[in-house]
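Below is input.pdb, holding PDB, C-alpha atoms.
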ATOM      1  CA  MET D  30       0.000   0.000   0.000  1.00  0.00           C
ATOM      2  CA  THR D  31       1.418   3.295  -1.038  1.00  0.00           C
ATOM      3  CA  SER D  32       0.508   6.560   0.577  1.00  0.00           C
ATOM      4  CA  VAL D  33      -1.119   9.273  -1.519  1.00  0.00           C
ATOM      5  CA  GLU D  34      -1.559  12.954  -0.842  1.00  0.00           C
ATOM      6  CA  LEU D  35      -5.141  13.636   0.199  1.00  0.00           C
ATOM      7  CA  ASP D  36      -6.955  16.628  -1.250  1.00  0.00           C
ATOM      8  CA  ASN D  37     -10.226  18.249  -0.151  1.00  0.00           C
ATOM      9  CA  TYR D  38     -12.307  15.808  -2.218  1.00  0.00           C
ATOM     10  CA  ASP D  39     -10.594  12.837  -0.577  1.00  0.00           C
ATOM     11  CA  ILE D  40     -11.199  14.274   2.902  1.00  0.00           C
ATOM     12  CA  LYS D  41     -14.867  14.915   2.070  1.00  0.00           C
ATOM     13  CA  ILE D  42     -15.208  11.341   0.779  1.00  0.00           C
ATOM     14  CA  LEU D  43     -13.637   9.904   3.929  1.00  0.00           C
ATOM     15  CA  LYS D  44     -15.841  12.048   6.200  1.00  0.00           C
ATOM     16  CA  SER D  45     -18.973  11.025   4.294  1.00  0.00           C
ATOM     17  CA  LEU D  46     -18.106   7.319   4.347  1.00  0.00           C
ATOM     18  CA  GLN D  47     -17.334   7.459   8.086  1.00  0.00           C
ATOM     19  CA  ALA D  48     -20.816   8.848   8.687  1.00  0.00           C
ATOM     20  CA  ASN D  49     -22.540   6.377   6.338  1.00  0.00           C
ATOM     21  CA  ALA D  50     -20.695   3.514   4.663  1.00  0.00           C
ATOM     22  CA  ASP D  51     -23.912   2.501   2.844  1.00  0.00           C
ATOM     23  CA  ILE D  52     -24.172   5.751   0.901  1.00  0.00           C
ATOM     24  CA  SER D  53     -24.551   5.147  -2.821  1.00  0.00           C
ATOM     25  CA  MET D  54     -21.787   6.313  -5.139  1.00  0.00           C
ATOM     26  CA  ALA D  55     -24.204   8.781  -6.753  1.00  0.00           C
ATOM     27  CA  GLU D  56     -25.120  10.250  -3.351  1.00  0.00           C
ATOM     28  CA  LEU D  57     -21.478  10.320  -2.300  1.00  0.00           C
ATOM     29  CA  GLY D  58     -20.455  12.094  -5.491  1.00  0.00           C
ATOM     30  CA  GLU D  59     -23.214  14.647  -5.024  1.00  0.00           C
ATOM     31  CA  ALA D  60     -22.237  15.203  -1.389  1.00  0.00           C
ATOM     32  CA  VAL D  61     -18.580  15.878  -2.246  1.00  0.00           C
ATOM     33  CA  GLY D  62     -19.090  17.664  -5.580  1.00  0.00           C
ATOM     34  CA  LEU D  63     -17.913  14.992  -8.030  1.00  0.00           C
ATOM     35  CA  SER D  64     -19.655  12.944 -10.686  1.00  0.00           C
ATOM     36  CA  HIS D  65     -20.082   9.195 -10.187  1.00  0.00           C
ATOM     37  CA  THR D  66     -17.003   7.904 -12.045  1.00  0.00           C
ATOM     38  CA  PRO D  67     -14.343  10.247 -10.580  1.00  0.00           C
ATOM     39  CA  CYS D  68     -15.817   9.673  -7.124  1.00  0.00           C
ATOM     40  CA  TRP D  69     -15.736   5.875  -7.602  1.00  0.00           C
ATOM     41  CA  ARG D  70     -12.093   6.066  -8.776  1.00  0.00           C
ATOM     42  CA  ARG D  71     -11.137   8.055  -5.691  1.00  0.00           C
ATOM     43  CA  VAL D  72     -12.868   5.591  -3.368  1.00  0.00           C
ATOM     44  CA  LYS D  73     -11.086   2.676  -5.064  1.00  0.00           C
ATOM     45  CA  ARG D  74      -7.724   4.496  -4.740  1.00  0.00           C
ATOM     46  CA  LEU D  75      -8.413   5.229  -1.055  1.00  0.00           C
ATOM     47  CA  GLU D  76      -9.168   1.525  -0.534  1.00  0.00           C
ATOM     48  CA  GLU D  77      -6.094   0.355  -2.463  1.00  0.00           C
ATOM     49  CA  THR D  78      -3.772   2.695  -0.571  1.00  0.00           C
ATOM     50  CA  GLY D  79      -5.157   1.639   2.810  1.00  0.00           C
ATOM     51  CA  TYR D  80      -6.935   4.844   3.846  1.00  0.00           C
ATOM     52  CA  ILE D  81     -10.176   2.856   3.805  1.00  0.00           C
ATOM     53  CA  GLN D  82      -9.507  -0.398   5.656  1.00  0.00           C
ATOM     54  CA  ASN D  83     -12.983  -1.861   5.724  1.00  0.00           C
ATOM     55  CA  ARG D  84     -16.659  -1.006   5.641  1.00  0.00           C
ATOM     56  CA  VAL D  85     -18.628  -2.402   8.555  1.00  0.00           C
ATOM     57  CA  THR D  86     -22.007  -2.388  10.229  1.00  0.00           C
ATOM     58  CA  LEU D  87     -21.984  -1.070  13.794  1.00  0.00           C
ATOM     59  CA  LEU D  88     -24.191  -3.130  16.069  1.00  0.00           C
ATOM     60  CA  ASN D  89     -26.066  -1.971  19.165  1.00  0.00           C
ATOM     61  CA  ALA D  90     -24.364  -3.856  22.006  1.00  0.00           C
ATOM     62  CA  GLU D  91     -27.242  -3.307  24.452  1.00  0.00           C
ATOM     63  CA  HIS D  92     -29.776  -4.790  22.029  1.00  0.00           C
ATOM     64  CA  LEU D  93     -27.510  -7.835  21.840  1.00  0.00           C
ATOM     65  CA  ASN D  94     -27.310  -8.063  25.643  1.00  0.00           C
ATOM     66  CA  LEU D  95     -23.625  -7.094  25.614  1.00  0.00           C
ATOM     67  CA  SER D  96     -23.777  -4.078  27.893  1.00  0.00           C
ATOM     68  CA  VAL D  97     -20.879  -4.703  30.286  1.00  0.00           C
ATOM     69  CA  VAL D  98     -17.714  -2.907  29.174  1.00  0.00           C
ATOM     70  CA  ILE D  99     -14.463  -3.545  30.996  1.00  0.00           C
ATOM     71  CA  HIS D 100     -11.044  -2.012  30.496  1.00  0.00           C
ATOM     72  CA  ALA D 101      -8.389  -4.377  31.781  1.00  0.00           C
ATOM     73  CA  TYR D 102      -4.840  -3.202  32.420  1.00  0.00           C
ATOM     74  CA  ILE D 103      -2.438  -6.094  31.946  1.00  0.00           C
ATOM     75  CA  THR D 104       1.099  -6.371  33.278  1.00  0.00           C
ATOM     76  CA  ILE D 105       3.470  -8.782  31.588  1.00  0.00           C
ATOM     77  CA  LYS D 106       6.107 -10.863  33.390  1.00  0.00           C
ATOM     78  CA  SER D 107       8.833 -10.680  30.750  1.00  0.00           C
ATOM     79  CA  HIS D 108       9.371  -7.959  28.155  1.00  0.00           C
ATOM     80  CA  ASP D 109      11.442  -9.817  25.581  1.00  0.00           C
ATOM     81  CA  GLU D 110      10.097  -9.729  22.035  1.00  0.00           C
ATOM     82  CA  GLU D 111       9.087 -13.384  21.949  1.00  0.00           C
ATOM     83  CA  SER D 112       7.037 -13.091  25.160  1.00  0.00           C
ATOM     84  CA  LEU D 113       5.289  -9.929  24.022  1.00  0.00           C
ATOM     85  CA  LEU D 114       4.443 -11.435  20.639  1.00  0.00           C
ATOM     86  CA  ALA D 115       3.086 -14.572  22.307  1.00  0.00           C
ATOM     87  CA  PHE D 116       0.706 -12.432  24.387  1.00  0.00           C
ATOM     88  CA  GLU D 117      -0.312 -10.289  21.414  1.00  0.00           C
ATOM     89  CA  ASN D 118      -1.015 -13.322  19.234  1.00  0.00           C
ATOM     90  CA  ALA D 119      -3.037 -15.030  21.972  1.00  0.00           C
ATOM     91  CA  VAL D 120      -5.217 -11.989  22.660  1.00  0.00           C
ATOM     92  CA  HIS D 121      -6.427 -12.162  19.043  1.00  0.00           C
ATOM     93  CA  THR D 122      -8.153 -15.465  19.856  1.00  0.00           C
ATOM     94  CA  LEU D 123     -10.505 -13.923  22.445  1.00  0.00           C
ATOM     95  CA  ASN D 124     -13.727 -12.680  20.836  1.00  0.00           C
ATOM     96  CA  GLU D 125     -14.699 -10.765  23.974  1.00  0.00           C
ATOM     97  CA  VAL D 126     -11.583  -8.580  23.606  1.00  0.00           C
ATOM     98  CA  VAL D 127     -12.613  -5.935  21.078  1.00  0.00           C
ATOM     99  CA  GLU D 128      -9.545  -3.694  21.415  1.00  0.00           C
ATOM    100  CA  CYS D 129      -5.992  -4.153  22.672  1.00  0.00           C
ATOM    101  CA  TYR D 130      -3.262  -1.537  23.030  1.00  0.00           C
ATOM    102  CA  SER D 131       0.359  -1.663  24.052  1.00  0.00           C
ATOM    103  CA  ILE D 132       0.662   1.248  26.494  1.00  0.00           C
ATOM    104  CA  THR D 133       3.217   3.270  28.427  1.00  0.00           C
ATOM    105  CA  GLY D 134       3.395   3.538  32.193  1.00  0.00           C
ATOM    106  CA  ASP D 135       3.379   0.865  34.863  1.00  0.00           C
ATOM    107  CA  LYS D 136       1.038  -1.432  32.871  1.00  0.00           C
ATOM    108  CA  ASP D 137       1.923  -3.034  29.539  1.00  0.00           C
ATOM    109  CA  TYR D 138      -1.395  -3.519  27.759  1.00  0.00           C
ATOM    110  CA  LEU D 139      -4.913  -2.135  27.865  1.00  0.00           C
ATOM    111  CA  VAL D 140      -7.693  -4.379  26.593  1.00  0.00           C
ATOM    112  CA  LYS D 141     -11.332  -3.500  26.135  1.00  0.00           C
ATOM    113  CA  VAL D 142     -13.689  -6.371  26.826  1.00  0.00           C
ATOM    114  CA  ILE D 143     -17.425  -6.487  26.111  1.00  0.00           C
ATOM    115  CA  VAL D 144     -19.607  -9.165  27.705  1.00  0.00           C
ATOM    116  CA  ALA D 145     -23.188  -9.731  28.807  1.00  0.00           C
ATOM    117  CA  SER D 146     -22.617  -9.783  32.568  1.00  0.00           C
ATOM    118  CA  VAL D 147     -20.154  -9.331  35.392  1.00  0.00           C
ATOM    119  CA  ASP D 148     -20.349 -13.087  35.947  1.00  0.00           C
ATOM    120  CA  GLN D 149     -19.372 -13.696  32.329  1.00  0.00           C
ATOM    121  CA  TYR D 150     -16.377 -11.384  32.743  1.00  0.00           C
ATOM    122  CA  GLU D 151     -15.355 -13.167  35.934  1.00  0.00           C
ATOM    123  CA  GLN D 152     -15.417 -16.467  34.050  1.00  0.00           C
ATOM    124  CA  LEU D 153     -13.403 -14.985  31.163  1.00  0.00           C
ATOM    125  CA  LEU D 154     -10.884 -13.533  33.601  1.00  0.00           C
ATOM    126  CA  LYS D 155     -10.424 -16.795  35.509  1.00  0.00           C
ATOM    127  CA  SER D 156     -10.408 -19.131  32.525  1.00  0.00           C
ATOM    128  CA  LYS D 157      -8.638 -17.099  29.844  1.00  0.00           C
ATOM    129  CA  LEU D 158      -7.260 -13.631  30.595  1.00  0.00           C
ATOM    130  CA  VAL D 159      -4.984 -14.586  33.482  1.00  0.00           C
ATOM    131  CA  HIS D 160      -3.809 -17.609  31.479  1.00  0.00           C
ATOM    132  CA  LEU D 161      -2.688 -15.652  28.427  1.00  0.00           C
ATOM    133  CA  PRO D 162       1.041 -16.093  27.800  1.00  0.00           C
ATOM    134  CA  ASN D 163       3.300 -14.146  30.149  1.00  0.00           C
ATOM    135  CA  VAL D 164       0.537 -12.390  32.166  1.00  0.00           C
ATOM    136  CA  ALA D 165       1.648 -11.236  35.615  1.00  0.00           C
ATOM    137  CA  SER D 166      -1.507  -9.342  36.620  1.00  0.00           C
ATOM    138  CA  VAL D 167      -4.844  -8.040  35.357  1.00  0.00           C
ATOM    139  CA  ASN D 168      -6.485  -4.934  36.860  1.00  0.00           C
ATOM    140  CA  SER D 169     -10.070  -4.450  35.695  1.00  0.00           C
ATOM    141  CA  VAL D 170     -12.096  -1.250  35.504  1.00  0.00           C
ATOM    142  CA  PHE D 171     -15.839  -1.478  34.761  1.00  0.00           C
ATOM    143  CA  ALA D 172     -17.492   1.279  32.738  1.00  0.00           C
ATOM    144  CA  LEU D 173     -20.579   2.658  34.467  1.00  0.00           C
ATOM    145  CA  LYS D 174     -21.981   4.652  31.549  1.00  0.00           C
ATOM    146  CA  GLN D 175     -20.874   5.414  28.007  1.00  0.00           C
ATOM    147  CA  ILE D 176     -20.618   9.179  27.600  1.00  0.00           C
ATOM    148  CA  LYS D 177     -19.248   9.313  24.061  1.00  0.00           C
ATOM    149  CA  TYR D 178     -18.704   6.695  21.401  1.00  0.00           C
ATOM    150  CA  THR D 179     -17.659   7.250  17.830  1.00  0.00           C
ATOM    151  CA  THR D 180     -15.714   5.416  15.185  1.00  0.00           C
ATOM    152  CA  GLN D 181     -15.224   8.598  13.175  1.00  0.00           C
ATOM    153  CA  LEU D 182     -11.668   9.903  13.024  1.00  0.00           C
ATOM    154  CA  PRO D 183     -11.224  13.688  13.376  1.00  0.00           C
ATOM    155  CA  LEU D 184     -10.416  14.660   9.775  1.00  0.00           C
TER     156      LEU D 184
END

Using the file provided, produce a representation of the structure as structure tokens.
Amino acid sequence: MTSVELDNYDIKILKSLQANADISMAELGEAVGLSHTPCWRRVKRLEETGYIQNRVTLLNAEHLNLSVVIHAYITIKSHDEESLLAFENAVHTLNEVVECYSITGDKDYLVKVIVASVDQYEQLLKSKLVHLPNVASVNSVFALKQIKYTTQLPL
């Protein structure tokens, strides 16, 4: 994937697609001031160069009975490359972990977990999280209320 210089049309396209990935090419072109074909070419170029990674449907977690959000701070025992990679590869296998970050400070990783109940998280913690490769400790923080949520990047 090669990087391209983004112009105002590209930024408008990205903003529009972040707000509505289902928008038709005709509607997108009209919204950004381009005809169908040039707009389509730009979208394809943005996909090919990696600016657009994927188009997804955002689900309502509460409607799916997945309303418990936990941020778990994980400390690793050993910081050699092999140990860190083993942890990172293993965390990909857990469907309940929706985000994972390597972080600075006194903790090594931050994972975001979404489950149906506190009991389900306790089971996940006991059976899987603490048994991930190289885990020394897991400190969990439960979200009480979601104040802001967006997937839109600030362009």

If we count all atoms listed in the file, what is near Asn124 (chain D) at a cut-off of 12 Å, once residues fewer than 2 positions away on the same chain are taken out, given as a ChimeraX atom specification? /D:119-122,126-129,140-144,153,157-158

CA of Leu46 (chain D) to CA of Leu88 (chain D), straight-line distance in Å: 16.8 Å

Give me the residues near Val33 (chain D) as a list in words, where near means some atom within 9 Å (using only C-alpha atoms) and where sequence neighbours in that chain fewer than 4 positions away do not count.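 Counting only the stated atoms, we get Arg74, Leu75 and Thr78 of chain D.
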
Determine, counting all atoms listed in the file, which protein, DNA and RNA residues have an atom within 12 Å of an atom of region 91-96 of chain D; residues of the same chain fewer than 5 positions away are not included. Present the result as a ChimeraX atom specification. /D:125,127,142-147,149-150,171-175

Show which residues sit within 8 Å of Cys68 (chain D), as number ranges by chain. Count all atoms listed in the file, and ignore same-chain residues fewer than 3 positions away. D: 54, 57-58, 63-65, 71-72

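Minimum atom-to-atom distance to Phe116 (chain D), evaluated using all atoms listed in the file, belongs to D:Val164 out of D:Leu87, D:Val164, D:Ser45, D:Arg70.
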
Expected residue set, 12 Å radius at (0.4, -14.2, 35.0), only C-alpha atoms, as a list in words: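 In the file's frame, the residues around the point are Ile103, Thr104, Ile105, Lys106, Ser107, Ser112, Phe116, Leu154, Lys155, Lys157, Leu158, Val159, His160, Leu161, Pro162, Asn163, Val164, Ala165, Ser166, Val167 and Asn168 of chain D.
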
In Å, with one decimal, what is the gap from CA of Glu76 (chain D) to CA of Ile132 (chain D)?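 Atom-to-atom, CA of Glu76 (chain D) to CA of Ile132 (chain D), that is 28.8 Å.
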
To one decimal in Å, tell me the separation between CA of Tyr38 (chain D) and CA of Trp69 (chain D). 11.8 Å

Edge lengths and centre in Å, axis-aligned, region 55-72 of chain D plus 5 Å each side, as JSON:
{"center_x": -18.1, "center_y": 11.6, "center_z": -6.7, "size_x": 24.0, "size_y": 22.1, "size_z": 20.7}

Give the answer as one residue: which of D:Asn37, D:Ser32, D:Asn49, D:Asn83 has the shortest atom-to-atom distance to Val61 (chain D), using all atoms listed in the file?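 Under the stated criterion, the closest residue is D:Asn37.
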
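Each of D:Glu77, D:Gln152, D:Leu35, D:Gln181 was compared to Gln47 (chain D) using all atoms listed in the file, and D:Gln181 turns out to be the nearest.
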
Tell me which of D:Ala101, D:Leu123, D:Ala115, D:Ser156 sits closest to Tyr138 (chain D), counting only C-alpha atoms. D:Ala101

Residue nearest Glu117 (chain D) among D:Ala60, D:Leu139, D:Ala55, D:Val97 (counting all atoms listed in the file): D:Leu139
